[in-house]
$ cat my_file_12.txt   # compact mmCIF, C-alpha atoms
# COMPACT_ATOMS: atom_id res chain seq x y z
CA GLU A 1 -4.65 68.58 -17.30
CA ALA A 2 -1.29 69.27 -15.69
CA GLN A 3 1.36 67.41 -17.62
CA VAL A 4 4.80 67.19 -19.13
CA THR A 5 4.83 66.29 -22.81
CA GLN A 6 7.68 65.02 -24.92
CA ASN A 7 8.01 64.63 -28.66
CA PRO A 8 8.71 62.43 -30.42
CA ARG A 9 7.92 59.40 -28.29
CA TYR A 10 9.95 57.09 -30.51
CA LEU A 11 12.80 57.96 -32.86
CA ILE A 12 15.20 55.92 -34.92
CA THR A 13 18.01 57.89 -36.51
CA VAL A 14 21.49 57.50 -37.91
CA THR A 15 24.83 58.52 -36.49
CA GLY A 16 25.61 62.20 -36.96
CA LYS A 17 22.16 63.42 -37.92
CA LYS A 18 21.20 66.29 -35.62
CA LEU A 19 17.98 65.87 -33.69
CA THR A 20 15.91 67.68 -31.09
CA VAL A 21 13.61 66.15 -28.51
CA THR A 22 11.08 68.66 -27.28
CA CYS A 23 9.75 68.93 -23.74
CA SER A 24 6.93 71.16 -22.61
CA GLN A 25 5.13 71.60 -19.29
CA ASN A 26 1.91 73.48 -18.58
CA MET A 27 2.32 73.87 -14.81
CA ASN A 28 4.42 77.07 -14.81
CA HIS A 29 7.27 75.18 -13.18
CA GLU A 30 10.61 76.90 -12.87
CA TYR A 31 12.77 73.79 -12.64
CA MET A 32 13.15 71.40 -15.56
CA SER A 33 15.50 68.52 -16.14
CA TRP A 34 16.50 65.80 -18.59
CA TYR A 35 17.37 62.23 -17.64
CA ARG A 36 18.38 59.18 -19.58
CA GLN A 37 17.62 55.65 -18.46
CA ASP A 38 19.72 52.66 -19.42
CA PRO A 39 19.46 49.05 -18.22
CA GLY A 40 21.44 48.50 -15.04
CA LEU A 41 22.34 52.19 -14.72
CA GLY A 42 19.08 53.68 -13.53
CA LEU A 43 18.15 57.26 -14.41
CA ARG A 44 21.00 59.69 -14.82
CA GLN A 45 20.61 63.43 -15.08
CA ILE A 46 21.85 65.03 -18.30
CA TYR A 47 21.08 68.74 -17.87
CA TYR A 48 18.83 70.83 -15.70
CA SER A 49 17.46 74.34 -15.67
CA MET A 50 16.58 76.35 -12.60
CA ASN A 51 14.76 79.00 -14.63
CA VAL A 52 14.61 80.74 -18.01
CA GLU A 53 18.11 81.22 -19.48
CA VAL A 54 19.65 79.29 -16.56
CA THR A 55 20.94 75.82 -17.41
CA ASP A 56 23.60 73.58 -15.93
CA LYS A 57 25.19 70.21 -16.51
CA GLY A 58 24.04 67.10 -14.76
CA ASP A 59 25.99 63.86 -14.46
CA VAL A 60 26.19 62.89 -18.14
CA PRO A 61 26.08 66.05 -20.30
CA GLU A 62 28.58 65.01 -22.99
CA GLY A 63 27.05 65.00 -26.45
CA TYR A 64 23.96 66.95 -25.44
CA LYS A 65 22.85 70.57 -25.49
CA VAL A 66 19.81 72.26 -24.01
CA SER A 67 18.20 75.66 -24.09
CA ARG A 68 15.60 77.39 -21.95
CA LYS A 69 14.24 80.41 -23.76
CA GLU A 70 10.75 80.09 -22.33
CA LYS A 71 9.59 78.75 -18.99
CA ARG A 72 7.43 76.01 -20.45
CA ASN A 73 9.92 74.50 -22.95
CA PHE A 74 13.21 72.71 -22.44
CA PRO A 75 14.41 71.00 -25.63
CA LEU A 76 17.21 68.45 -25.66
CA ILE A 77 19.53 68.71 -28.66
CA LEU A 78 21.85 66.03 -29.96
CA GLU A 79 24.14 67.78 -32.45
CA SER A 80 25.80 64.60 -33.67
CA PRO A 81 24.12 61.53 -32.21
CA SER A 82 26.13 58.38 -31.67
CA PRO A 83 25.01 54.80 -30.93
CA ASN A 84 25.95 55.17 -27.24
CA GLN A 85 23.16 57.75 -26.96
CA THR A 86 20.59 55.07 -27.68
CA SER A 87 18.47 55.26 -24.57
CA LEU A 88 15.13 56.12 -22.99
CA TYR A 89 14.93 59.83 -22.24
CA PHE A 90 12.74 61.55 -19.69
CA CYS A 91 12.01 65.20 -19.15
CA ALA A 92 10.89 66.36 -15.71
CA SER A 93 9.71 69.56 -14.09
CA SER A 94 9.00 70.71 -10.57
CA PRO A 95 7.53 73.77 -8.86
CA PRO A 96 9.53 76.31 -6.88
CA HIS A 97 10.95 75.14 -3.62
CA ALA A 98 8.35 75.38 -0.88
CA GLY A 99 10.66 74.72 2.03
CA THR A 100 9.64 71.11 2.46
CA GLY A 101 11.00 69.52 -0.66
CA ARG A 102 9.24 69.23 -3.98
CA GLU A 103 8.15 66.47 -6.26
CA GLN A 104 9.12 66.14 -9.88
CA TYR A 105 6.67 65.44 -12.67
CA PHE A 106 8.00 63.29 -15.47
CA GLY A 107 7.08 63.12 -19.11
CA PRO A 108 6.12 59.86 -20.84
CA GLY A 109 9.60 59.25 -22.23
CA THR A 110 11.28 59.26 -25.65
CA ARG A 111 12.86 56.06 -26.85
CA LEU A 112 15.79 56.95 -29.10
CA THR A 113 17.73 54.51 -31.22
CA VAL A 114 20.87 55.66 -33.03
CA THR A 115 22.22 53.28 -35.66
CA ASP B 116 24.99 61.77 -0.80
CA ALA B 117 23.07 59.27 1.26
CA LYS B 118 22.71 55.95 -0.52
CA THR B 119 19.67 53.74 -0.29
CA THR B 120 19.31 49.97 -0.19
CA GLN B 121 16.14 48.22 -1.28
CA PRO B 122 15.25 44.58 -1.93
CA THR B 123 15.46 43.71 -5.59
CA SER B 124 11.95 42.29 -5.81
CA MET B 125 8.85 41.60 -3.76
CA ASP B 126 5.37 40.35 -4.36
CA CYS B 127 2.05 40.60 -2.62
CA ALA B 128 -1.52 39.48 -3.16
CA GLU B 129 -4.06 41.84 -4.64
CA GLY B 130 -6.04 43.60 -1.95
CA ARG B 131 -3.38 43.12 0.70
CA ALA B 132 -0.98 45.73 2.00
CA ALA B 133 2.38 46.00 0.28
CA ASN B 134 5.21 47.05 2.59
CA LEU B 135 8.35 48.15 0.78
CA PRO B 136 11.43 48.71 2.96
CA CYS B 137 14.35 51.03 2.34
CA ASN B 138 17.58 51.53 4.25
CA HIS B 139 19.31 54.91 4.21
CA SER B 140 21.68 54.70 7.15
CA THR B 141 23.89 57.61 6.03
CA ILE B 142 21.07 60.12 5.60
CA SER B 143 21.84 63.57 6.92
CA GLY B 144 19.54 65.64 9.06
CA ASN B 145 18.16 67.88 6.34
CA GLU B 146 17.65 65.26 3.63
CA TYR B 147 14.22 64.06 2.70
CA VAL B 148 13.14 60.55 1.77
CA TYR B 149 11.22 60.39 -1.51
CA TRP B 150 9.39 57.51 -3.12
CA TYR B 151 8.69 57.26 -6.82
CA ARG B 152 7.48 54.40 -8.95
CA GLN B 153 7.87 53.51 -12.60
CA ILE B 154 5.35 51.37 -14.40
CA HIS B 155 6.88 49.54 -17.34
CA SER B 156 9.11 52.23 -18.93
CA GLN B 157 6.61 55.01 -18.34
CA GLY B 158 7.82 58.21 -16.72
CA PRO B 159 8.50 57.87 -12.99
CA GLN B 160 5.60 58.93 -10.81
CA TYR B 161 5.95 60.73 -7.50
CA ILE B 162 4.30 58.91 -4.60
CA ILE B 163 5.20 60.55 -1.31
CA HIS B 164 8.03 62.14 0.64
CA GLY B 165 8.90 62.89 4.26
CA LEU B 166 11.57 64.24 6.55
CA LYS B 167 11.05 62.58 9.92
CA ASN B 168 7.34 62.32 10.60
CA ASN B 169 5.14 59.63 9.13
CA GLU B 170 3.22 60.81 6.10
CA THR B 171 0.04 59.67 4.37
CA ASN B 172 -1.61 60.70 1.14
CA GLU B 173 -4.16 59.23 -1.21
CA MET B 174 -1.63 56.83 -2.69
CA ALA B 175 0.40 55.54 0.22
CA SER B 176 1.82 55.92 3.69
CA LEU B 177 5.44 56.52 4.57
CA ILE B 178 6.82 55.34 7.89
CA ILE B 179 10.25 56.69 8.84
CA THR B 180 12.06 55.24 11.83
CA GLU B 181 12.96 57.54 14.66
CA ASP B 182 16.67 57.42 13.83
CA ARG B 183 15.76 58.05 10.16
CA LYS B 184 18.02 55.25 9.01
CA SER B 185 15.22 53.35 7.32
CA SER B 186 11.70 53.79 6.05
CA THR B 187 8.79 51.75 4.74
CA LEU B 188 6.38 52.62 1.96
CA ILE B 189 2.96 51.11 2.53
CA LEU B 190 0.39 50.60 -0.22
CA PRO B 191 -2.63 49.75 1.92
CA HIS B 192 -4.65 47.78 -0.64
CA ALA B 193 -2.45 46.80 -3.55
CA THR B 194 -4.03 46.37 -6.97
CA LEU B 195 -2.65 44.89 -10.17
CA ARG B 196 -2.01 48.44 -11.39
CA ASP B 197 0.48 48.90 -8.56
CA THR B 198 2.85 46.44 -10.22
CA ALA B 199 5.91 48.62 -10.86
CA VAL B 200 9.48 49.37 -9.83
CA TYR B 201 9.52 51.45 -6.64
CA TYR B 202 12.41 53.78 -5.97
CA CYS B 203 13.43 55.08 -2.57
CA ILE B 204 15.46 58.25 -3.01
CA VAL B 205 17.21 60.59 -0.67
CA ARG B 206 17.12 64.03 -2.16
CA VAL B 207 20.42 65.54 -3.19
CA LYS B 208 20.59 69.13 -2.07
CA GLY B 209 22.73 72.02 -3.19
CA LYS B 210 22.73 74.63 -5.93
CA SER B 211 25.32 72.80 -7.96
CA SER B 212 23.11 69.81 -8.44
CA GLY B 213 19.73 71.42 -8.61
CA ASP B 214 16.99 69.01 -7.75
CA LYS B 215 18.68 65.93 -9.13
CA LEU B 216 17.02 62.70 -8.16
CA THR B 217 19.45 59.80 -7.94
CA PHE B 218 17.54 56.67 -8.81
CA GLY B 219 18.99 53.35 -7.78
CA THR B 220 17.74 50.01 -9.01
CA GLY B 221 14.59 50.05 -6.89
CA THR B 222 12.28 47.23 -5.84
CA ARG B 223 10.28 45.43 -8.47
CA LEU B 224 6.85 44.85 -6.91
CA ALA B 225 4.60 42.22 -8.46
CA VAL B 226 0.99 42.19 -7.32
CA ARG B 227 -0.58 38.75 -7.74
CA PRO B 228 -4.27 38.28 -8.59
$ encode --input "my_file_12.txt" --output "C-alpha cells"
Amino acid sequence: EAQVTQNPRYLITVTGKKLTVTCSQNMNHEYMSWYRQDPGLGLRQIYYSMNVEVTDKGDVPEGYKVSRKEKRNFPLILESPSPNQTSLYFCASSPPHAGTGREQYFGPGTRLTVT
Amino acid sequence: DAKTTQPTSMDCAEGRAANLPCNHSTISGNEYVYWYRQIHSQGPQYIIHGLKNNETNEMASLIITEDRKSSTLILPHATLRDTAVYYCIVRVKGKSSGDKLTFGTGTRLAVRP
C-alpha cells in the first residue's frame, strides 16, 4: 500500500532533550516536506526537500533540522525542544512535477508535547 | 500568493450533495486550485485540483468559474465519513518555496444523518 509513515505517533518529552521524528514514504517520491499544525494557525511548512541531499527552509524552520540521505526518508530533528514546539506534525511527499500540478500525500501525524 | 476565502462551516444531510464554495479573486493565470480535507487531526487528504476546466474524479467534482475567481467543490452524495475540514488552496509556485501548500482555516463540513 502506498503510504507515508511517521514515528512516533505520540511523544511527550522535556525541554532540551533531543528527539527525532522519522518519516518514510514507499512511493519513490522526490519531494518531501514537514508541516506543523497549531490551532488558529493552520498548517505551516517547516522544511522541504526537492530530492536527496537537497533541503530548504520553509516558513517556520527555527529550532528544527532535517536531512535527506535517502529518497524514502526525511527525518525531522529537534536538537533542543522547547514548549513552543508542542504541536501536531505532518510529513508529506509528492511525485515529480508532471506539468499539471501534483498532489501531496500526508502521513498520519505526530503529536508532540514538550514540557 | 493568491488568498482564498471559504465559509467557516456548513452542513448537509447524508445522501445529499455538499457544495463547498471558495473565492480566490487574486489567482494568477498559472496557479491551480487544489482541494484537500482533514478528518479530525488525521493527515490532510488530497481530493482534486484544476486549472480552468471543470474536473471530476471518484471523490468529487470541481467547478471553476470562467474568470477563475471562485470555485465549488461538490461531493455528490455526502456520507457521515465526509465530515471534515475542507481546504481550498491555490498552489504556491516557484523554486524558492518548493511545493508548499498554504492551508487557511478551511470549511468545517458536518454531514447530518
$ interface_residues --input "my_file_12.txt" --of "chain A" --to "chain B" --cutoff "7 Å" --atoms "all atoms listed in the file" --output "PyMOL selection string"
chain A and resi 42-43+45+58+90+103-109
$ residues_around --input "my_file_12.txt" --residues "range 93-95 of chain A" --least-positions-apart "3" --cutoff "10 Å" --atoms "all atoms listed in the file" --output "list in words"
Gln3, Val4, Cys23, Ser24, Gln25, Asn26, Met27, Asn28, His29, Glu30, Tyr31, Met32, Ser33, Trp34, Tyr48, Ser49, Met50, Arg72, Phe74, Ala98, Gly101, Arg102, Glu103, Gln104, Tyr105, Phe106 and Gly107 of chain A; Asp214 of chain B
$ atom_distance --input "my_file_12.txt" --atom1 "CA of Leu11 in chain A" --atom2 "CA of Thr110 in chain A"
7.5 Å
$ atom_distance --input "my_file_12.txt" --atom1 "CA of Leu177 in chain B" --atom2 "CA of Pro96 in chain A"
23.2 Å
$ residues_around --input "my_file_12.txt" --residues "Thr86 in chain A" --least-positions-apart "4" --cutoff "6 Å" --atoms "all atoms listed in the file" --output "PyMOL selection string"
chain A and resi 112-114
$ atom_distance --input "my_file_12.txt" --atom1 "CA of Pro122 in chain B" --atom2 "CA of Leu135 in chain B"
8.2 Å
$ residues_around --input "my_file_12.txt" --residues "Leu195 in chain B" --least-positions-apart "6" --cutoff "12 Å" --atoms "all atoms listed in the file" --output "list in words"
Asp126, Cys127, Ala128, Glu129, Gly130, Arg131, Ala133, Ile154, Leu224, Ala225, Val226, Arg227 and Pro228 of chain B
$ axis_aligned_box --input "my_file_12.txt" --around "range 11-20 of chain A" --padding-each-side "6 Å" --output "JSON"
{"center_x": 19.2, "center_y": 61.8, "center_z": -34.5, "size_x": 24.8, "size_y": 23.8, "size_z": 18.8}
$ closest_residue --input "my_file_12.txt" --among "A:Ser87, A:Ser67, A:Ser82, A:Asn73" --to "Arg9 in chain A" --atoms "only C-alpha atoms"
A:Ser87
$ residues_around --input "my_file_12.txt" --residues "Gln85 in chain A" --least-positions-apart "4" --cutoff "10 Å" --atoms "all atoms listed in the file" --output "PyMOL selection string"
chain A and resi 15+36+38+62-64+78+80-81+89+112-115
$ write_last_selection --input "my_file_12.txt" --atoms "C-alpha atoms" --output "short mmCIF file (atom, residue, chain, number, x, y, z; two decimals), in the coordinates of the input"
data_model
loop_
_atom_site.label_atom_id
_atom_site.label_comp_id
_atom_site.auth_asym_id
_atom_site.auth_seq_id
_atom_site.Cartn_x
_atom_site.Cartn_y
_atom_site.Cartn_z
CA THR A 15 24.83 58.52 -36.49
CA ARG A 36 18.38 59.18 -19.58
CA ASP A 38 19.72 52.66 -19.42
CA GLU A 62 28.58 65.01 -22.99
CA GLY A 63 27.05 65.00 -26.45
CA TYR A 64 23.96 66.95 -25.44
CA LEU A 78 21.85 66.03 -29.96
CA SER A 80 25.80 64.60 -33.67
CA PRO A 81 24.12 61.53 -32.21
CA TYR A 89 14.93 59.83 -22.24
CA LEU A 112 15.79 56.95 -29.10
CA THR A 113 17.73 54.51 -31.22
CA VAL A 114 20.87 55.66 -33.03
CA THR A 115 22.22 53.28 -35.66
#
